[in-house]
$ cat model32.pdb   # PDB, C-alpha atoms
MODEL        1
ATOM      1  CA  MET A   1       0.000   0.000   0.000
ATOM      2  CA  PHE A   2       2.703   2.509   1.029
ATOM      3  CA  GLU A   3       5.858   0.886  -0.347
ATOM      4  CA  ASN A   4       6.472   3.568  -2.988
ATOM      5  CA  LEU A   5       6.091   6.583  -0.696
ATOM      6  CA  ILE A   6       8.843   8.711   0.811
ATOM      7  CA  PRO A   7       7.527   9.437   4.331
ATOM      8  CA  THR A   8       8.049  13.177   4.656
ATOM      9  CA  GLN A   9       5.848  15.026   7.149
ATOM     10  CA  LYS A  10       3.480  16.013   4.338
ATOM     11  CA  ILE A  11       3.162  12.426   3.095
ATOM     12  CA  ARG A  12       2.669  11.053   6.610
ATOM     13  CA  GLN A  13      -0.136  13.540   7.194
ATOM     14  CA  LYS A  14      -1.810  12.426   3.957
ATOM     15  CA  ILE A  15      -1.510   8.764   4.964
ATOM     16  CA  ILE A  16      -3.070   9.423   8.366
ATOM     17  CA  LYS A  17      -5.909  11.406   6.813
ATOM     18  CA  SER A  18      -6.626   8.682   4.258
ATOM     19  CA  ILE A  19      -6.641   5.961   6.938
ATOM     20  CA  ALA A  20      -8.971   7.966   9.193
ATOM     21  CA  GLU A  21     -11.343   8.610   6.289
ATOM     22  CA  GLU A  22     -11.446   4.944   5.266
ATOM     23  CA  PHE A  23     -11.815   3.462   8.754
ATOM     24  CA  ASP A  24     -14.171   5.287  11.116
ATOM     25  CA  PHE A  25     -13.015   3.247  14.133
ATOM     26  CA  VAL A  26      -9.493   4.701  14.007
ATOM     27  CA  LYS A  27      -8.494   7.362  16.526
ATOM     28  CA  VAL A  28      -5.941   9.990  15.477
ATOM     29  CA  GLY A  29      -4.164  12.742  17.370
ATOM     30  CA  LYS A  30      -0.725  13.796  18.480
ATOM     31  CA  ILE A  31       1.396  13.482  21.616
ATOM     32  CA  GLY A  32       3.325  16.721  21.147
ATOM     33  CA  ASP A  33       5.508  18.696  18.775
ATOM     34  CA  SER A  34       9.124  18.538  17.652
ATOM     35  CA  VAL A  35      11.825  21.172  18.080
ATOM     36  CA  CYS A  36      10.657  22.798  14.827
ATOM     37  CA  GLY A  37       6.979  22.540  15.684
ATOM     38  CA  ARG A  38       6.134  19.476  13.601
ATOM     39  CA  SER A  39       3.409  17.297  15.100
ATOM     40  CA  ILE A  40       4.342  13.940  16.602
ATOM     41  CA  ASP A  41       1.344  12.012  15.359
ATOM     42  CA  LEU A  42      -0.595   9.221  17.032
ATOM     43  CA  ILE A  43      -2.908   6.601  15.508
ATOM     44  CA  GLN A  44      -4.850   4.146  17.669
ATOM     45  CA  LEU A  45      -6.980   1.038  17.415
ATOM     46  CA  GLY A  46      -9.059  -0.841  19.931
ATOM     47  CA  SER A  47      -9.293  -0.349  23.678
ATOM     48  CA  VAL A  48      -7.313   2.519  25.188
ATOM     49  CA  LYS A  49      -7.577   0.950  28.653
ATOM     50  CA  LYS A  50      -5.535  -2.134  27.781
ATOM     51  CA  SER A  51      -3.099  -1.123  25.082
ATOM     52  CA  THR A  52       0.460  -1.422  23.827
ATOM     53  CA  ILE A  53       2.602   1.352  22.366
ATOM     54  CA  TRP A  54       4.656   1.088  19.170
ATOM     55  CA  VAL A  55       7.131   3.801  18.188
ATOM     56  CA  GLY A  56       8.899   4.359  14.864
ATOM     57  CA  ALA A  57      11.626   6.658  13.569
ATOM     58  CA  HIS A  58      13.560   7.646  16.667
ATOM     59  CA  HIS A  59      16.344   8.237  14.126
ATOM     60  CA  GLY A  60      16.258  10.314  10.954
ATOM     61  CA  LEU A  61      17.834   7.769   8.618
ATOM     62  CA  GLU A  62      15.497   5.057   9.885
ATOM     63  CA  TRP A  63      12.399   6.573   8.265
ATOM     64  CA  ILE A  64      11.462   3.218   6.732
ATOM     65  CA  THR A  65      10.121   2.188  10.157
ATOM     66  CA  SER A  66       7.337   4.780   9.742
ATOM     67  CA  LEU A  67       6.218   3.110   6.526
ATOM     68  CA  LEU A  68       6.310  -0.292   8.186
ATOM     69  CA  LEU A  69       4.015   0.868  10.990
ATOM     70  CA  PHE A  70       1.604   2.499   8.553
ATOM     71  CA  GLU A  71       1.502  -0.652   6.433
ATOM     72  CA  PHE A  72       0.766  -2.846   9.432
ATOM     73  CA  PHE A  73      -1.858  -0.457  10.778
ATOM     74  CA  TYR A  74      -3.635  -0.359   7.407
ATOM     75  CA  ASP A  75      -3.506  -4.155   7.085
ATOM     76  CA  ILE A  76      -5.074  -4.762  10.464
ATOM     77  CA  CYS A  77      -7.718  -2.075   9.838
ATOM     78  CA  LYS A  78      -8.778  -3.905   6.674
ATOM     79  CA  LYS A  79      -9.155  -7.138   8.609
ATOM     80  CA  ILE A  80     -11.343  -5.406  11.180
ATOM     81  CA  LYS A  81     -13.500  -3.736   8.538
ATOM     82  CA  PHE A  82     -14.090  -6.956   6.607
ATOM     83  CA  SER A  83     -14.332  -9.183   9.717
ATOM     84  CA  LYS A  84     -11.375 -11.359   8.771
ATOM     85  CA  ASN A  85      -9.521 -13.677  11.119
ATOM     86  CA  ILE A  86      -5.771 -14.067  11.648
ATOM     87  CA  CYS A  87      -4.754 -17.623  12.536
ATOM     88  CA  GLY A  88      -8.275 -18.245  13.795
ATOM     89  CA  ILE A  89      -8.370 -15.064  15.900
ATOM     90  CA  ASP A  90     -11.279 -12.688  15.338
ATOM     91  CA  VAL A  91      -9.356  -9.409  15.021
ATOM     92  CA  LYS A  92     -12.368  -7.153  15.527
ATOM     93  CA  LEU A  93     -13.458  -9.015  18.652
ATOM     94  CA  LYS A  94      -9.922  -9.182  20.036
ATOM     95  CA  LEU A  95      -9.382  -5.450  19.698
ATOM     96  CA  GLU A  96     -12.514  -4.694  21.674
ATOM     97  CA  ASN A  97     -10.541  -5.739  24.756
ATOM     98  CA  ARG A  98      -7.041  -4.588  23.869
ATOM     99  CA  GLY A  99      -5.536  -1.838  21.765
ATOM    100  CA  VAL A 100      -2.550  -0.611  19.812
ATOM    101  CA  ALA A 101      -1.235   2.957  20.003
ATOM    102  CA  ILE A 102       1.230   3.773  17.233
ATOM    103  CA  ILE A 103       3.545   6.756  16.914
ATOM    104  CA  PRO A 104       4.819   6.330  13.342
ATOM    105  CA  CYS A 105       7.519   9.003  13.591
ATOM    106  CA  LEU A 106       8.889  10.289  16.900
ATOM    107  CA  ASN A 107      11.587  12.387  15.199
ATOM    108  CA  PRO A 108       9.884  14.299  12.372
ATOM    109  CA  ASP A 109      12.627  16.942  12.135
ATOM    110  CA  GLY A 110      15.375  14.345  11.906
ATOM    111  CA  VAL A 111      13.503  12.482   9.180
ATOM    112  CA  GLU A 112      13.065  15.707   7.201
ATOM    113  CA  ILE A 113      16.790  16.464   7.502
ATOM    114  CA  ALA A 114      17.700  12.938   6.373
ATOM    115  CA  LEU A 115      15.341  13.154   3.383
ATOM    116  CA  ASN A 116      15.611  16.812   2.330
ATOM    117  CA  GLY A 117      18.704  18.328   3.956
ATOM    118  CA  PHE A 118      19.106  21.170   6.437
ATOM    119  CA  LYS A 119      16.756  23.485   4.577
ATOM    120  CA  SER A 120      14.085  21.431   6.341
ATOM    121  CA  VAL A 121      14.771  23.147   9.678
ATOM    122  CA  PRO A 122      14.396  26.875   8.893
ATOM    123  CA  LYS A 123      13.066  27.891  12.299
ATOM    124  CA  ILE A 124      16.290  27.188  14.158
ATOM    125  CA  THR A 125      20.027  27.387  13.778
ATOM    126  CA  LEU A 126      21.547  23.960  14.150
ATOM    127  CA  PRO A 127      24.027  23.938  17.051
ATOM    128  CA  ILE A 128      26.779  22.738  14.718
ATOM    129  CA  LYS A 129      29.025  25.212  12.941
ATOM    130  CA  ASN A 130      30.131  25.001   9.312
ATOM    131  CA  ILE A 131      27.984  21.970   8.626
ATOM    132  CA  LYS A 132      27.679  20.918   5.005
ATOM    133  CA  ASP A 133      24.360  19.823   3.568
ATOM    134  CA  GLU A 134      25.719  16.481   2.426
ATOM    135  CA  PHE A 135      26.172  15.689   6.132
ATOM    136  CA  SER A 136      22.406  15.259   6.298
ATOM    137  CA  ALA A 137      22.912  11.867   4.636
ATOM    138  CA  LYS A 138      24.198  10.644   8.039
ATOM    139  CA  TRP A 139      21.580  12.381  10.199
ATOM    140  CA  GLN A 140      20.048  10.363  13.032
ATOM    141  CA  SER A 141      19.504  13.063  15.673
ATOM    142  CA  ASN A 142      16.721  15.602  16.135
ATOM    143  CA  ALA A 143      17.009  19.243  15.049
ATOM    144  CA  ASN A 144      19.009  20.052  18.181
ATOM    145  CA  GLY A 145      21.649  17.504  17.271
ATOM    146  CA  VAL A 146      20.552  15.143  20.075
ATOM    147  CA  ASP A 147      20.172  11.412  19.514
ATOM    148  CA  LEU A 148      16.711  10.784  20.938
ATOM    149  CA  ASN A 149      17.477   7.158  21.758
ATOM    150  CA  HIS A 150      20.309   8.324  24.028
ATOM    151  CA  ASN A 151      18.099  10.866  25.811
ATOM    152  CA  TYR A 152      16.019   8.725  28.183
ATOM    153  CA  ASN A 153      16.551   8.454  31.917
ATOM    154  CA  ALA A 154      17.812   4.881  32.081
ATOM    155  CA  GLY A 155      21.529   4.567  32.747
ATOM    156  CA  TRP A 156      21.892   8.001  31.151
ATOM    157  CA  GLU A 157      24.800   9.152  33.326
ATOM    158  CA  GLU A 158      26.875   6.066  32.553
ATOM    159  CA  LEU A 159      26.071   6.362  28.850
ATOM    160  CA  HIS A 160      26.979  10.070  28.943
ATOM    161  CA  ARG A 161      30.407   9.227  30.359
ATOM    162  CA  LEU A 162      30.859   6.591  27.679
ATOM    163  CA  GLU A 163      29.938   9.138  25.001
ATOM    164  CA  GLN A 164      32.568  11.535  26.358
ATOM    165  CA  ASN A 165      35.158   8.746  26.433
ATOM    166  CA  ASN A 166      34.386   8.264  22.740
ATOM    167  CA  LYS A 167      34.810  12.029  22.110
ATOM    168  CA  ILE A 168      31.083  12.616  21.718
ATOM    169  CA  SER A 169      30.535  15.708  23.855
ATOM    170  CA  SER A 170      28.460  18.082  21.734
ATOM    171  CA  PRO A 171      25.491  18.038  19.344
ATOM    172  CA  GLY A 172      25.976  16.055  16.163
ATOM    173  CA  HIS A 173      24.410  13.642  13.722
ATOM    174  CA  THR A 174      24.293  10.678  16.120
ATOM    175  CA  ARG A 175      24.927   9.324  19.635
ATOM    176  CA  TYR A 176      24.989  12.588  21.572
ATOM    177  CA  GLY A 177      22.515  12.155  24.434
ATOM    178  CA  GLY A 178      21.931  15.800  25.314
ATOM    179  CA  LYS A 179      22.691  17.794  28.459
ATOM    180  CA  MET A 180      20.247  15.818  30.587
ATOM    181  CA  PRO A 181      17.648  13.054  30.239
ATOM    182  CA  GLU A 182      14.409  14.099  28.526
ATOM    183  CA  SER A 183      15.946  17.408  27.468
ATOM    184  CA  GLU A 184      14.249  17.147  24.063
ATOM    185  CA  PRO A 185      10.574  17.858  23.342
ATOM    186  CA  GLU A 186      10.238  14.587  21.434
ATOM    187  CA  THR A 187      11.453  12.330  24.256
ATOM    188  CA  LYS A 188       9.530  14.360  26.850
ATOM    189  CA  ALA A 189       6.329  14.036  24.833
ATOM    190  CA  LEU A 190       6.728  10.263  24.634
ATOM    191  CA  THR A 191       7.599   9.718  28.298
ATOM    192  CA  ASP A 192       4.730  11.952  29.431
ATOM    193  CA  PHE A 193       2.349  10.058  27.155
ATOM    194  CA  CYS A 194       3.493   6.727  28.576
ATOM    195  CA  ARG A 195       3.136   7.953  32.158
ATOM    196  CA  LYS A 196      -0.448   9.020  31.479
ATOM    197  CA  ASN A 197      -1.395   5.635  30.015
ATOM    198  CA  ASN A 198      -1.248   2.083  31.261
ATOM    199  CA  PHE A 199       0.593   0.422  28.374
ATOM    200  CA  GLU A 200       1.194  -3.295  28.799
ATOM    201  CA  TYR A 201       4.428  -3.236  26.837
ATOM    202  CA  ALA A 202       6.331  -1.147  24.305
ATOM    203  CA  LEU A 203       7.921  -1.759  20.925
ATOM    204  CA  ALA A 204      10.547   0.582  19.465
ATOM    205  CA  PHE A 205      11.268   0.067  15.765
ATOM    206  CA  HIS A 206      14.720   0.825  14.383
ATOM    207  CA  SER A 207      16.793  -0.310  11.423
ATOM    208  CA  GLN A 208      18.807  -2.346  10.709
ATOM    209  CA  GLY A 209      20.143  -5.819  11.634
ATOM    210  CA  GLU A 210      17.112  -8.156  11.943
ATOM    211  CA  GLU A 211      17.508  -8.340  15.697
ATOM    212  CA  ILE A 212      15.292  -7.995  18.752
ATOM    213  CA  TYR A 213      16.522  -6.660  22.106
ATOM    214  CA  TRP A 214      14.502  -7.348  25.246
ATOM    215  CA  ASP A 215      16.675  -7.029  28.356
ATOM    216  CA  TYR A 216      17.604  -4.094  30.573
ATOM    217  CA  GLY A 217      18.628  -4.455  34.186
ATOM    218  CA  GLU A 218      16.939  -5.943  37.212
ATOM    219  CA  HIS A 219      13.448  -4.698  36.372
ATOM    220  CA  THR A 220      13.155  -6.747  33.182
ATOM    221  CA  PRO A 221      10.104  -9.061  33.542
ATOM    222  CA  GLU A 222      10.679 -12.781  33.199
ATOM    223  CA  SER A 223       8.130 -12.966  30.394
ATOM    224  CA  ALA A 224      10.147 -10.627  28.152
ATOM    225  CA  GLU A 225      12.692 -13.185  27.004
ATOM    226  CA  LYS A 226      10.000 -15.690  26.014
ATOM    227  CA  PHE A 227       8.161 -12.996  24.052
ATOM    228  CA  ALA A 228      11.383 -12.105  22.236
ATOM    229  CA  GLU A 229      12.038 -15.757  21.399
ATOM    230  CA  ILE A 230       8.554 -16.172  19.915
ATOM    231  CA  PHE A 231       8.969 -12.977  17.890
ATOM    232  CA  ALA A 232      12.323 -14.228  16.625
ATOM    233  CA  LEU A 233      10.867 -17.603  15.699
ATOM    234  CA  MET A 234       8.049 -15.994  13.716
ATOM    235  CA  SER A 235      10.251 -13.447  11.930
ATOM    236  CA  GLY A 236      13.621 -15.174  11.520
ATOM    237  CA  TYR A 237      15.224 -12.360  13.528
ATOM    238  CA  ASN A 238      17.883 -12.970  16.185
ATOM    239  CA  VAL A 239      17.438 -12.395  19.907
ATOM    240  CA  SER A 240      20.424 -10.237  20.801
ATOM    241  CA  GLU A 241      21.968  -7.990  23.442
ATOM    242  CA  PRO A 242      23.257  -4.498  22.620
ATOM    243  CA  GLU A 243      26.817  -3.500  23.417
ATOM    244  CA  GLY A 244      28.831  -0.360  24.117
ATOM    245  CA  LEU A 245      27.107   2.903  23.172
ATOM    246  CA  ALA A 246      23.901   1.005  22.417
ATOM    247  CA  VAL A 247      23.394   0.148  26.118
ATOM    248  CA  GLY A 248      21.228   2.476  28.208
ATOM    249  CA  GLY A 249      19.613   5.797  27.432
ATOM    250  CA  GLY A 250      17.060   4.264  25.080
ATOM    251  CA  PHE A 251      13.270   4.155  25.073
ATOM    252  CA  LYS A 252      13.168   0.390  25.594
ATOM    253  CA  ASP A 253      15.515   0.712  28.579
ATOM    254  CA  TRP A 254      13.529   3.572  30.105
ATOM    255  CA  PHE A 255      10.170   1.800  29.733
ATOM    256  CA  ILE A 256      11.482  -1.313  31.495
ATOM    257  CA  GLU A 257      13.079   0.687  34.294
ATOM    258  CA  GLU A 258      10.147   3.081  34.742
ATOM    259  CA  PHE A 259       7.309   0.554  34.735
ATOM    260  CA  GLY A 260       8.893  -2.878  35.223
ATOM    261  CA  ARG A 261       7.028  -4.039  32.125
ATOM    262  CA  PRO A 262       8.319  -5.587  28.894
ATOM    263  CA  ALA A 263       9.759  -3.416  26.156
ATOM    264  CA  PHE A 264      11.596  -4.359  22.983
ATOM    265  CA  THR A 265      13.798  -2.793  20.362
ATOM    266  CA  ILE A 266      13.223  -4.317  16.928
ATOM    267  CA  GLU A 267      15.895  -3.684  14.302
ATOM    268  CA  VAL A 268      14.091  -4.260  11.011
ATOM    269  CA  GLY A 269      15.728  -5.154   7.719
ATOM    270  CA  TYR A 270      19.349  -5.712   6.924
ATOM    271  CA  GLY A 271      21.918  -3.537   5.173
ATOM    272  CA  LYS A 272      23.020   0.094   5.459
ATOM    273  CA  ASN A 273      20.812   2.974   6.600
ATOM    274  CA  PRO A 274      18.770   4.358   5.062
ATOM    275  CA  LEU A 275      17.468   1.024   3.849
ATOM    276  CA  PRO A 276      16.406   1.293   0.194
ATOM    277  CA  LEU A 277      12.710   1.705  -0.474
ATOM    278  CA  GLU A 278      12.703  -1.213  -2.892
ATOM    279  CA  GLU A 279      13.521  -3.484   0.068
ATOM    280  CA  PHE A 280      10.365  -2.472   1.919
ATOM    281  CA  PRO A 281       8.033  -5.263   0.686
ATOM    282  CA  LYS A 282      10.597  -7.893   1.647
ATOM    283  CA  ILE A 283      11.169  -6.304   5.066
ATOM    284  CA  TYR A 284       7.466  -6.026   5.801
ATOM    285  CA  ASN A 285       6.484  -9.488   4.609
ATOM    286  CA  LYS A 286       9.209 -11.085   6.713
ATOM    287  CA  ILE A 287       8.020  -9.435   9.912
ATOM    288  CA  LYS A 288       4.263  -9.223   9.322
ATOM    289  CA  LYS A 289       3.225 -12.376  11.172
ATOM    290  CA  ALA A 290       5.316 -11.398  14.171
ATOM    291  CA  LEU A 291       3.605  -7.997  14.237
ATOM    292  CA  TYR A 292       0.183  -9.664  14.244
ATOM    293  CA  PHE A 293       1.377 -11.742  17.173
ATOM    294  CA  CYS A 294       2.404  -8.565  19.026
ATOM    295  CA  ALA A 295      -0.956  -6.930  18.444
ATOM    296  CA  LEU A 296      -3.254  -9.839  19.193
ATOM    297  CA  VAL A 297      -1.630 -12.222  21.669
TER     298      VAL A 297
ENDMDL
END
$ encode --input "model32.pdb" --output "structure tokens"
Amino acid sequence: MFENLIPTQKIRQKIIKSIAEEFDFVKVGKIGDSVCGRSIDLIQLGSVKKSTIWVGAHHGLEWITSLLLFEFFYDICKKIKFSKNICGIDVKLKLENRGVAIIPCLNPDGVEIALNGFKSVPKITLPIKNIKDEFSAKWQSNANGVDLNHNYNAGWEELHRLEQNNKISSPGHTRYGGKMPESEPETKALTDFCRKNNFEYALAFHSQGEEIYWDYGEHTPESAEKFAEIFALMSGYNVSEPEGLAVGGGFKDWFIEEFGRPAFTIEVGYGKNPLPLEEFPKIYNKIKKALYFCALV
């Protein structure tokens, strides 16, 4: 459905509008705004009282995760509308008692920079001097030069020291975690939204590597590893553990530490970011059954 689209803010808004117009049971809104004032959009299905949260595009170059979430959301909406089952499960009936809240793109400014260069952030001056536009091809951070997935309050101090040891001490295209946890409007919007809702678990979609991460510290629930193993079995992905600068500071880590509930990082696809658009059907079809499992079981 969306495999040929480049998910700029304008295109994402059109997708959300078209989905809402086609399916009257869909709820749409936003959880906040980015540094540059772009909306951080929300689409929801099913019960809001017993729901899970799925988040795409923490990183600019990983915009393909937004398309993946839109594709899945549209697929499951069609099954509800036409009363179709998945593996014998009545989707419409199931989602009367549980729900899915999806944030397709947490980092709209970073995605715009990655797709269209620094002209995409006219309202601010990037805190990086003498930056060349071709540098946008490496851009993972938000418009403040902060890596959102290093900006959560979960082992942030230790990660910050590790960043400094690796000579990452100022805003840049990746891995700088900011001056303090939740310093960025995007991460603050997401953490506030999670605190206001009773999400059963969280999924954070990144690219690439075909891996799933599930563990973080002593608050990790025992059920998380089994969930990850089932997801891996259904998708062909590997259950893995992050290392070095990928440990701590992330949304998955924060959710586990804050609530003591399961959270997972899913690295979709395989190759070099940004993953090519022509790979999207293959990426989506490989993971689709596992996503149904996440939504319905």
$ closest_residue --input "model32.pdb" --among "A:Gly236, A:Gly172, A:Pro104, A:Gly56" --to "A:Ile43" --atoms "only C-alpha atoms"
A:Pro104
$ axis_aligned_box --input "model32.pdb" --around "stretch 197-216 of chain A" --padding-each-side "4 Å" --output "AutoDock Vina command-line options"
--center_x 9.4 --center_y -1.4 --center_z 21.0 --size_x 29.5 --size_y 22.0 --size_z 28.6
$ resolve_selection --input "model32.pdb" --expression "the PyMOL selection byres ((chain A and resi 84-98) around 8)" --output "PyMOL selection string"
chain A and resi 45-51+76+79-83+99-100+292+296
$ residues_around --input "model32.pdb" --residues "stretch 198-201 of chain A" --least-positions-apart "2" --cutoff "10 Å" --atoms "all atoms listed in the file" --output "list in words"
Val48, Lys49, Lys50, Ser51, Thr52, Ile53, Trp54, Arg98, Gly99, Val100, Ala101, Phe193, Cys194, Arg195, Lys196, Leu203, Ala224, Lys252, Phe255, Ile256, Phe259, Gly260, Arg261, Pro262, Ala263, Phe264 and Cys294 of chain A
$ atom_distance --input "model32.pdb" --atom1 "atom CA of A:Glu267" --atom2 "atom CA of A:Glu211"
5.1 Å
$ resolve_selection --input "model32.pdb" --expression "the PyMOL selection byres ((chain A and resi 187) around 9)" --output "ChimeraX atom specification"
/A:106,148-149,151-152,181-186,188-192,251
$ residues_around --input "model32.pdb" --residues "A:Glu112" --least-positions-apart "4" --cutoff "8 Å" --atoms "only C-alpha atoms" --output "list in words"
Thr8, Gln9, Gly60, Pro108, Asn116, Gly117 and Ser120 of chain A
$ atom_distance --input "model32.pdb" --atom1 "atom CA of A:Asn165" --atom2 "atom CA of A:Gly244"
11.3 Å
$ residues_around --input "model32.pdb" --residues "A:Trp139" --least-positions-apart "3" --cutoff "10 Å" --atoms "only C-alpha atoms" --output "PyMOL selection string"
chain A and resi 59-62+110-115+117-118+134-136+142-143+145+147+172-174+274
$ residues_around --input "model32.pdb" --residues "A:Phe205" --least-positions-apart "5" --cutoff "8 Å" --atoms "all atoms listed in the file" --output "PyMOL selection string"
chain A and resi 54-58+65+265-268
$ closest_residue --input "model32.pdb" --among "A:Phe2, A:Phe25, A:Phe231, A:Phe280" --to "A:Ile212" --atoms "only C-alpha atoms"
A:Phe231
$ atom_distance --input "model32.pdb" --atom1 "atom CA of A:Leu233" --atom2 "atom CA of A:Lys288"
12.4 Å
